[in-house]
Amino acid sequence: MSAETSFSKAPPAAAVAAADFLDTRLGVAKAVKGLARKLFPDHWSFLLGEIALYSFIVILISGTFLTMFFVPSVAEVRYPMDALPVTMRGQQMSEAFASTLNMSFHVRGGLLMRQIHHWAALVFIGAIVVHMMRVFFTGAFRKPRELNYVIGFSMLIMGLLAGLTGYSLPDDVLSGNGLRITDGVVKSIPIIGSYLSYMVFGGEFPGTDTIPRMYTLHILLIPGLILAMVGAHLFLVFWHKHTQYPGPGRTHKNVVGYPLFPVYTAKAGGFFFIVFGVLALMGATMSINSVWNYGPFDPSLVSAGAQPDWYMLFLEGSLRLMPGAAEVVIGGYTLSLNVLIPAVVVPGVLFTLLGAYPFVEAFATKDTGEHHVLDRPRNVPTRTAIGVAILSAFFVLLGGGANDLLATQFQLSINAITLVFRVLFFVLPFVAFIVTKRICLGLQRKDREVSLHGHETGRVVRFASGEYIEVHQPLDEYERWIRVGHDVYRPLEIEPAEDLNGVRRPGHGKDKIRARVSQFFYQDRVEPVTPAELAAASAHGEHDALPALPADRPSEELDARVH
Amino acid sequence: MKALAASRRHRFAPVILMALALLFTGAIYAALAPNAAQADTASATDIAEGERLFITNCSTCHGMSAQGTADGPALIGVGAAAVHFQVVTGRMPMAANAPQAEAKPPQLTGEQAQQIAAYIASLGAGPSIPSDQQVDPTLGDAANGMQVFRTNCAMCHNAVGAGGALSEGKYAPALDGATATVIYEAMLTGPQSMPVFNDATLTPDEKRDVIAYLMEQRQPNPGGLDLGSFGSVSEGIWVFVVGIGLLIGAAVWIGARSS
Ligand code: HEM
């Protein structure tokens with residue numbers, strides 16, 4: 001576990017000369033040494049961000065290939081009579097669609113590249129979401145990493161935009177449907193909606209500007225921004241050093257792990273090839289977005305089972321679940337609440353909540369210390385419960401987006417499914433919140449129990465006096481650290497509204513809100529084991545019960561206790 | 001020899017024997033049975049046999065002379081095509097009271113279906129069973145069929161005919177198992193919630209083009225596994241099951257030697 005592992009083998013002379021050349025001119029030796037000695041903690045969940053990173057690289061490589069054959073134009077052409085597939089021969093279509101077909105059927109490796117690109121995009125956003133869940137549930141976003149959380153969050157939004165614009169490029173029926181929905185959503189915004197739509201699409205939808213504009217966004221602007229943000233993101237990970245899971249010797253002031261070079265670089269480099277391999281395998285064997293099935297875009301067409309890519313499915317679901325009756329007409333102007341609420345307000349609230357979360361929690365704790373040791377999700381029940389509640393709402397929307405497939409695959413009535421999801425959307429998050437919080441508190445109690453009394457062994461011993469006891473195995477150092485060594489927060493006490501002279505204290509209103517938020521977060525809690533209790537427990541023998549502890553023990557005791 | 005003797009006493013032996021016997025009779029029947037073209041011209045015996053079959057299998061719901069009852073509509077004038085479609089897809093005789101009459105393994109043979117069809121056709125004129133040439137996909141234009149299909153059928157049956165949901169538990173079925181004749185008859189007669197596409201809405205040539213298009217869809221997908229042809233939702237499920245699943249597995253493996 002130390003960084004000072006030495007590698008005694010001498011490097012070849014040429015390498016030495018080259019290194020010397022660079023060093024004497026750029027002074028790289030110091031920088032490289034600093035870099036190579038940087039420590040990285042090791043845990044599989046720290047590789048989730050890497051999956052996103054590597055699939056992004058695969059997206060860039062495969063996307064570059066696609067740009068060589070794709071024609072971003074909606075000029076009308078007739079598909080040749082001697083080209084594949086037969087179902088498209090002689091059809092009227094845009095150049096964009098024709099070039100996509102040509103690329104799929106007549107360019108060697110073209111279809112493979114298209115499929116790798118699309119699968120990589122789905123994996124990319126999937127990995128971002130899973131990575132974000134890791135960051136959220138372990139509290140990796142706490143000071144000093146709030147800013148990096150915001151960068152990551154912006155990358156998620158950019159990823160969604162990249163997907164939306166990419167999906168629209170081939171100009172098939174589904175991509176056109178997707179754009180049509182986007183157009184409707186933009187138009188539902190009061191007052192500026194129709195102007196905005198004309199601006200985005202360069203006139204009445206679909207127009208001739210849409211595809212070229214999407215193309216610029218998709219291949220230049222959005223990837224450029226993501227790339228810049230990836231750079232900033234990784235730099236900050238580096239700068240702050242990586243967080244670590246709780247364990248012996250791990251504190252908010254150190255990092256325990258492997259050196260960047262060679263261990264971590266070898267692992268990470270190997271992992272890149274695994275990601276590439278899995279994506280190539282998917283692209284080679286699993287069809288995705290077979291546009292020739294949908295045919296060229298025609299605004300008048302719809303097809304059953306038309307859905308967007310999974311990361312947009314929640315929006316589709318939100319639209320499908322919304323009752324259509326919410327449209328109101330005020331003085332001759334239509335206010336499309338039936339679109340505005342599900343497509344703008346619902347995702348707006350969901351995403352604002354997610355993006356602002358670190359700041360909400362910091363507001364509630366008023367904690368200004370740095371945090372480099374991650375939380376176990378059970379030890380922050382309210383956060384974990386909020387996360388699960390958001391996820392549950394998200395899953396209900398996903399289900400709503402797939403309601404027709406649920407109906408046909410499970411032979412249910414689509415009307416009943418929609419009704420159930422409408423109710424679930426409001427009820428499930430609350431249930432999920434309460435249940436998750438209960439489970440977390442229960443697990444904490446279990447931790448407390450086990451730390452004090454050790455593990456049950458199932459071995460029952462009879463003493464000479466006739467007393468029976470079950471032998472409990474005390475925890476080893478490592479496990480005890482994990483089970484008891486976490487921060488506890490309590491609801492903030494606020495100063496009274498008026499001072500001794502009856503003068504109103506400025507800022508009391510804000511403090512009152514803070515107290516309420518803090519109350520919400522930390523009212524229900526299980527106090528962790530204190531050193532005194534631990535000592536008492538081991539003195540009594542592991543099986544004895546302990547008297548209840550006074551509730552308001554200061555948390556400093558904790559840090560004093562753990563080694 | 002001992003092994004053979006032992007396997008003869010195996011408890012599955014009767015089942016296998018039965019299956020073989022059924023296969024054998026099936027093969028003989030297939031060789032001897034008249035095909036659609038031959039049966040086109042209905043004889044008086046066919047009609048008589050059809051009436052007998054109708055009375056035993058269908059009259060409880062459709063009435064003794066197909067005049068209809070509370071349990072089923074009148075069939076006079078629905079034509080041979082409707083009867084043939086309903087019977088060979090197993091929808092009729094209808095079984096349970098479901099949101100729609102389910103297709104199931106047919107209870108009557110193709111010949112018997114022809115006979116009932118002849119009987120119903122004799123009661124009143126209606127669309128007749130299409131000839132082999134009318135439904136031959138090789139004579140159709142798949143590209144035009146694609147156009148016709150996506151303007152007229154895809155909103156219910158999905159772009160490639162993978163099926164789709166309608167209201168209240170009704171659904172448009174997947175079309176990957178339907179024979180060319182069944183596809184033609186479905187368009188001609190519009191079973192249940194499906195609209196009728198008579199020869200004025202879709203010409204016989206266009207119907208054949210649709211058949212050519214649907215048969216073209218049965219070729220393997222050039223992209224690989226078609227994942228059920230359900231589009232983005234199944235892709236979304238597979239990306240987590242295969243992609244993210246494998247990669248997290250790899251991550252766990254790489255991170256296994258930790259702390
Ligand atoms: C373009 C997409 C993204 C890429 C390529 C990416 C990549 C990475 C990588 C390689 C790491 C270091 C290893 C790790 O902890 O997994 C990391 C850390 C981090 N990421 Fe991301 N990430 C992306 C999106 C996000 C998102 C959407 C969020 C949250 C909203 C986020 C928040 C963070 C934070 C806070 C850290 C520091 C974690 C720690 O030190 O424990 N990232 N990212």
# chains A, B, ... in the order shown; residues from 1 in each chain; ligands from 1
$ residues_near_ligand --ligand "ligand 1" --cutoff "7 Å" --atoms "only C-alpha atoms and all ligand atoms" --output "PyMOL selection string"
chain A and resi 45-50+52-53+56+128-129+131-132+135+140-141+145-146+148-156+159+226+230+233-234+237+241-244+355
$ write_last_selection --atoms "N, CA, C and O atoms" --output "compact mmCIF listing (two decimals), in the first residue's frame"
# COMPACT_ATOMS: atom_id res chain seq x y z
N SER A 45 -15.85 1.14 -8.21
CA SER A 45 -16.78 2.22 -8.51
C SER A 45 -16.06 3.49 -8.95
O SER A 45 -16.67 4.39 -9.50
N PHE A 46 -14.74 3.54 -8.75
CA PHE A 46 -13.99 4.69 -9.25
C PHE A 46 -13.69 4.53 -10.74
O PHE A 46 -13.14 5.43 -11.36
N LEU A 47 -14.03 3.38 -11.30
CA LEU A 47 -13.79 3.18 -12.74
C LEU A 47 -15.01 3.55 -13.58
O LEU A 47 -14.95 3.54 -14.80
N LEU A 48 -16.11 3.89 -12.92
CA LEU A 48 -17.33 4.20 -13.69
C LEU A 48 -17.12 5.44 -14.55
O LEU A 48 -17.53 5.48 -15.71
N GLY A 49 -16.47 6.46 -13.97
CA GLY A 49 -16.17 7.66 -14.76
C GLY A 49 -15.28 7.30 -15.94
O GLY A 49 -15.42 7.86 -17.02
N GLU A 50 -14.40 6.33 -15.72
CA GLU A 50 -13.52 5.94 -16.82
C GLU A 50 -14.29 5.28 -17.96
O GLU A 50 -13.95 5.46 -19.13
N ALA A 52 -17.18 6.11 -18.91
CA ALA A 52 -17.71 7.25 -19.68
C ALA A 52 -16.61 7.86 -20.54
O ALA A 52 -16.81 8.11 -21.73
N LEU A 53 -15.46 8.06 -19.94
CA LEU A 53 -14.35 8.68 -20.66
C LEU A 53 -13.96 7.86 -21.89
O LEU A 53 -13.82 8.39 -23.00
N PHE A 56 -16.44 7.83 -24.60
CA PHE A 56 -16.39 9.11 -25.32
C PHE A 56 -15.28 9.09 -26.38
O PHE A 56 -15.47 9.56 -27.50
N ILE A 128 -22.26 7.73 -17.55
CA ILE A 128 -22.31 9.01 -16.84
C ILE A 128 -23.34 8.92 -15.71
O ILE A 128 -23.09 9.35 -14.58
N VAL A 129 -24.49 8.36 -16.03
CA VAL A 129 -25.56 8.31 -15.03
C VAL A 129 -25.14 7.42 -13.86
O VAL A 129 -25.31 7.79 -12.69
N HIS A 131 -22.10 6.68 -12.95
CA HIS A 131 -21.01 7.41 -12.29
C HIS A 131 -21.57 8.49 -11.38
O HIS A 131 -21.15 8.67 -10.24
N MET A 132 -22.55 9.18 -11.90
CA MET A 132 -23.17 10.25 -11.13
C MET A 132 -23.87 9.69 -9.89
O MET A 132 -23.84 10.30 -8.82
N VAL A 135 -21.22 9.14 -7.36
CA VAL A 135 -20.80 10.40 -6.76
C VAL A 135 -21.86 10.91 -5.78
O VAL A 135 -21.55 11.36 -4.68
N ALA A 140 -19.41 12.27 -2.78
CA ALA A 140 -18.14 12.75 -3.34
C ALA A 140 -18.24 14.19 -3.80
O ALA A 140 -17.24 14.81 -4.14
N PHE A 141 -19.46 14.73 -3.80
CA PHE A 141 -19.65 16.10 -4.30
C PHE A 141 -19.43 17.13 -3.21
O PHE A 141 -19.57 18.32 -3.45
N ARG A 145 -15.38 19.53 -3.80
CA ARG A 145 -15.64 19.04 -5.15
C ARG A 145 -16.96 19.51 -5.74
O ARG A 145 -17.41 18.99 -6.76
N GLU A 146 -17.61 20.51 -5.12
CA GLU A 146 -18.91 20.95 -5.66
C GLU A 146 -18.78 21.40 -7.10
O GLU A 146 -19.61 21.09 -7.96
N ASN A 148 -16.67 20.52 -9.34
CA ASN A 148 -16.48 19.42 -10.27
C ASN A 148 -17.80 18.68 -10.50
O ASN A 148 -18.05 18.17 -11.59
N TYR A 149 -18.62 18.66 -9.48
CA TYR A 149 -19.95 18.08 -9.64
C TYR A 149 -20.73 18.86 -10.69
O TYR A 149 -21.37 18.29 -11.57
N VAL A 150 -20.61 20.19 -10.60
CA VAL A 150 -21.34 21.02 -11.55
C VAL A 150 -20.81 20.80 -12.97
O VAL A 150 -21.57 20.71 -13.93
N ILE A 151 -19.48 20.66 -13.09
CA ILE A 151 -18.92 20.38 -14.42
C ILE A 151 -19.46 19.04 -14.93
O ILE A 151 -19.90 18.93 -16.07
N GLY A 152 -19.44 18.05 -14.07
CA GLY A 152 -19.95 16.73 -14.47
C GLY A 152 -21.40 16.82 -14.88
O GLY A 152 -21.81 16.25 -15.91
N PHE A 153 -22.17 17.55 -14.11
CA PHE A 153 -23.58 17.70 -14.41
C PHE A 153 -23.77 18.37 -15.77
O PHE A 153 -24.60 17.94 -16.58
N SER A 154 -22.96 19.39 -16.05
CA SER A 154 -23.06 20.06 -17.36
C SER A 154 -22.71 19.09 -18.47
O SER A 154 -23.29 19.14 -19.56
N MET A 155 -21.77 18.17 -18.19
CA MET A 155 -21.42 17.19 -19.23
C MET A 155 -22.58 16.26 -19.50
O MET A 155 -22.80 15.83 -20.63
N LEU A 156 -23.33 15.94 -18.44
CA LEU A 156 -24.51 15.10 -18.64
C LEU A 156 -25.48 15.80 -19.58
O LEU A 156 -25.97 15.19 -20.55
N GLY A 159 -24.14 15.74 -22.95
CA GLY A 159 -24.26 14.39 -23.50
C GLY A 159 -25.66 14.17 -24.07
O GLY A 159 -25.82 13.62 -25.16
N ILE A 226 -17.69 19.27 -24.57
CA ILE A 226 -17.51 18.12 -23.69
C ILE A 226 -16.03 17.86 -23.45
O ILE A 226 -15.58 17.64 -22.33
N VAL A 230 -14.25 17.71 -20.03
CA VAL A 230 -13.57 16.51 -19.56
C VAL A 230 -12.19 16.89 -19.03
O VAL A 230 -11.77 16.45 -17.96
N HIS A 233 -12.60 18.60 -15.78
CA HIS A 233 -13.09 17.61 -14.81
C HIS A 233 -11.94 16.75 -14.29
O HIS A 233 -11.75 16.59 -13.09
N LEU A 234 -11.15 16.23 -15.23
CA LEU A 234 -10.05 15.36 -14.83
C LEU A 234 -8.97 16.14 -14.08
O LEU A 234 -8.40 15.66 -13.11
N VAL A 237 -10.16 16.44 -10.61
CA VAL A 237 -10.03 15.18 -9.87
C VAL A 237 -8.60 15.04 -9.37
O VAL A 237 -8.34 14.68 -8.22
N LYS A 241 -7.24 15.52 -5.58
CA LYS A 241 -6.93 14.12 -5.29
C LYS A 241 -8.24 13.37 -5.22
O LYS A 241 -9.30 13.95 -5.00
N HIS A 242 -8.13 12.05 -5.44
CA HIS A 242 -9.37 11.28 -5.47
C HIS A 242 -9.87 11.04 -4.05
O HIS A 242 -9.10 10.97 -3.11
N THR A 243 -11.17 10.89 -3.93
CA THR A 243 -11.74 10.51 -2.64
C THR A 243 -11.46 9.05 -2.36
O THR A 243 -11.04 8.31 -3.25
N GLN A 244 -11.68 8.63 -1.12
CA GLN A 244 -11.49 7.22 -0.79
C GLN A 244 -12.61 6.73 0.12
O GLN A 244 -13.26 7.52 0.79
N GLY A 355 -28.79 19.18 -10.00
CA GLY A 355 -27.63 20.05 -10.19
C GLY A 355 -27.33 20.86 -8.93
O GLY A 355 -26.18 21.13 -8.61
$ interface_residues --of "chain B" --to "chain A" --cutoff "6 Å" --atoms "only C-alpha atoms" --output "mmCIF file with N, CA, C and O atoms, in the first residue's frame"
data_model
loop_
_atom_site.group_PDB
_atom_site.id
_atom_site.type_symbol
_atom_site.label_atom_id
_atom_site.label_comp_id
_atom_site.auth_asym_id
_atom_site.auth_seq_id
_atom_site.Cartn_x
_atom_site.Cartn_y
_atom_site.Cartn_z
ATOM 1 N N ALA B 142 -41.152 -4.371 -53.375
ATOM 2 C CA ALA B 142 -40.972 -4.149 -51.936
ATOM 3 C C ALA B 142 -40.824 -2.667 -51.599
ATOM 4 O O ALA B 142 -41.277 -2.210 -50.547
ATOM 5 N N ALA B 143 -40.189 -1.903 -52.500
ATOM 6 C CA ALA B 143 -39.970 -0.485 -52.203
ATOM 7 C C ALA B 143 -41.299 0.259 -52.149
ATOM 8 O O ALA B 143 -41.551 1.069 -51.253
ATOM 9 N N ALA B 154 -48.191 1.179 -40.460
ATOM 10 C CA ALA B 154 -47.145 1.265 -39.435
ATOM 11 C C ALA B 154 -47.640 1.884 -38.145
ATOM 12 O O ALA B 154 -47.141 1.571 -37.070
ATOM 13 N N MET B 155 -48.658 2.763 -38.228
ATOM 14 C CA MET B 155 -49.131 3.405 -36.996
ATOM 15 C C MET B 155 -49.719 2.395 -36.030
ATOM 16 O O MET B 155 -49.768 2.652 -34.827
ATOM 17 N N CYS B 156 -50.194 1.263 -36.524
ATOM 18 C CA CYS B 156 -50.691 0.229 -35.614
ATOM 19 C C CYS B 156 -49.699 -0.922 -35.474
ATOM 20 O O CYS B 156 -49.496 -1.454 -34.396
ATOM 21 N N ASN B 158 -46.367 -1.081 -36.257
ATOM 22 C CA ASN B 158 -44.950 -0.713 -36.117
ATOM 23 C C ASN B 158 -44.261 -0.742 -37.491
ATOM 24 O O ASN B 158 -44.755 -1.380 -38.424
ATOM 25 N N ALA B 159 -43.175 0.005 -37.610
ATOM 26 C CA ALA B 159 -42.550 0.230 -38.912
ATOM 27 C C ALA B 159 -42.163 -1.059 -39.626
ATOM 28 O O ALA B 159 -42.227 -1.144 -40.845
ATOM 29 N N GLY B 164 -48.036 -3.502 -32.178
ATOM 30 C CA GLY B 164 -48.164 -2.305 -31.358
ATOM 31 C C GLY B 164 -49.440 -2.350 -30.550
ATOM 32 O O GLY B 164 -50.330 -3.156 -30.814
ATOM 33 N N ALA B 165 -49.517 -1.462 -29.531
ATOM 34 C CA ALA B 165 -50.656 -1.468 -28.627
ATOM 35 C C ALA B 165 -51.774 -0.577 -29.154
ATOM 36 O O ALA B 165 -51.521 0.461 -29.745
ATOM 37 N N SER B 167 -55.943 0.743 -27.762
ATOM 38 C CA SER B 167 -56.530 1.068 -26.463
ATOM 39 C C SER B 167 -57.153 -0.159 -25.795
ATOM 40 O O SER B 167 -57.498 -1.138 -26.466
ATOM 41 N N GLU B 168 -57.286 -0.069 -24.463
ATOM 42 C CA GLU B 168 -58.030 -1.050 -23.668
ATOM 43 C C GLU B 168 -57.598 -2.495 -23.885
ATOM 44 O O GLU B 168 -58.439 -3.387 -23.998
ATOM 45 N N GLY B 169 -56.326 -2.741 -23.944
ATOM 46 C CA GLY B 169 -55.848 -4.120 -24.042
ATOM 47 C C GLY B 169 -55.907 -4.706 -25.446
ATOM 48 O O GLY B 169 -55.506 -5.840 -25.668
ATOM 49 N N GLY B 223 -27.600 -5.604 -39.688
ATOM 50 C CA GLY B 223 -26.851 -5.073 -38.549
ATOM 51 C C GLY B 223 -26.558 -6.102 -37.477
ATOM 52 O O GLY B 223 -25.862 -5.804 -36.522
ATOM 53 N N GLY B 224 -27.106 -7.301 -37.569
ATOM 54 C CA GLY B 224 -26.886 -8.302 -36.523
ATOM 55 C C GLY B 224 -28.210 -8.666 -35.872
ATOM 56 O O GLY B 224 -29.256 -8.607 -36.516
ATOM 57 N N LEU B 225 -28.159 -9.047 -34.596
ATOM 58 C CA LEU B 225 -29.381 -9.427 -33.891
ATOM 59 C C LEU B 225 -30.384 -8.286 -33.918
ATOM 60 O O LEU B 225 -30.011 -7.138 -33.706
ATOM 61 N N ASP B 226 -31.662 -8.607 -34.180
ATOM 62 C CA ASP B 226 -32.602 -7.487 -34.309
ATOM 63 C C ASP B 226 -33.224 -7.071 -32.978
ATOM 64 O O ASP B 226 -33.976 -6.111 -32.916
ATOM 65 N N SER B 232 -35.815 1.655 -29.869
ATOM 66 C CA SER B 232 -34.969 2.249 -28.843
ATOM 67 C C SER B 232 -35.132 1.648 -27.460
ATOM 68 O O SER B 232 -34.186 1.625 -26.689
ATOM 69 N N GLY B 236 -32.188 0.242 -25.354
ATOM 70 C CA GLY B 236 -31.877 0.808 -24.040
ATOM 71 C C GLY B 236 -31.722 -0.260 -22.976
ATOM 72 O O GLY B 236 -30.875 -0.157 -22.095
ATOM 73 N N ALA B 251 -14.866 -3.776 -14.415
ATOM 74 C CA ALA B 251 -14.360 -2.826 -13.419
ATOM 75 C C ALA B 251 -14.196 -3.515 -12.067
ATOM 76 O O ALA B 251 -13.205 -3.309 -11.368
ATOM 77 N N VAL B 252 -15.174 -4.352 -11.718
ATOM 78 C CA VAL B 252 -15.092 -5.053 -10.440
ATOM 79 C C VAL B 252 -13.883 -5.983 -10.439
ATOM 80 O O VAL B 252 -13.132 -6.071 -9.473
ATOM 81 N N GLY B 255 -10.795 -3.835 -10.125
ATOM 82 C CA GLY B 255 -10.670 -3.232 -8.806
ATOM 83 C C GLY B 255 -10.683 -4.250 -7.679
ATOM 84 O O GLY B 255 -10.663 -3.886 -6.516
ATOM 85 N N SER B 258 -8.292 -4.701 -4.027
ATOM 86 C CA SER B 258 -8.254 -3.361 -3.453
ATOM 87 C C SER B 258 -8.235 -3.480 -1.951
ATOM 88 O O SER B 258 -8.688 -4.458 -1.387
#
$ residues_around --residues "segment 317-320 of chain A" --least-positions-apart "2" --cutoff "10 Å" --atoms "only C-alpha atoms" --output "NGL selection string"
:A and (181 or 185 or 307 or 312-315 or 322-324 or 338-344 or 346-347 or 394-403 or 418 or 421-422 or 425)
$ atom_distance --atom1 "atom CA of Tyr478 of chain A" --atom2 "atom CA of Leu441 of chain A"
21.9 Å
$ select_by_dssp --residues "segment 122-222 of chain B" --states "strand (DSSP E)" --output "ChimeraX atom specification"
/B:164-165,171-172
$ atom_distance --atom1 "atom CA of Phe272 of chain A" --atom2 "atom CA of Arg134 of chain A"
20.0 Å
$ residues_around --residues "segment 199-206 of chain B" --least-positions-apart "5" --cutoff "12 Å" --atoms "only C-alpha atoms" --output "MDAnalysis selection string"
chainID B and resid 127 130:131 133:149 151:153 184:185 187:189 211:213
$ select_by_dssp --residues "segment 54-274 of chain A" --states "alpha helix (DSSP H)" --output "number ranges by chain"
A: 54-67, 95-106, 110-138, 146-168, 173-188, 193-201, 210-216, 222-240, 265-274
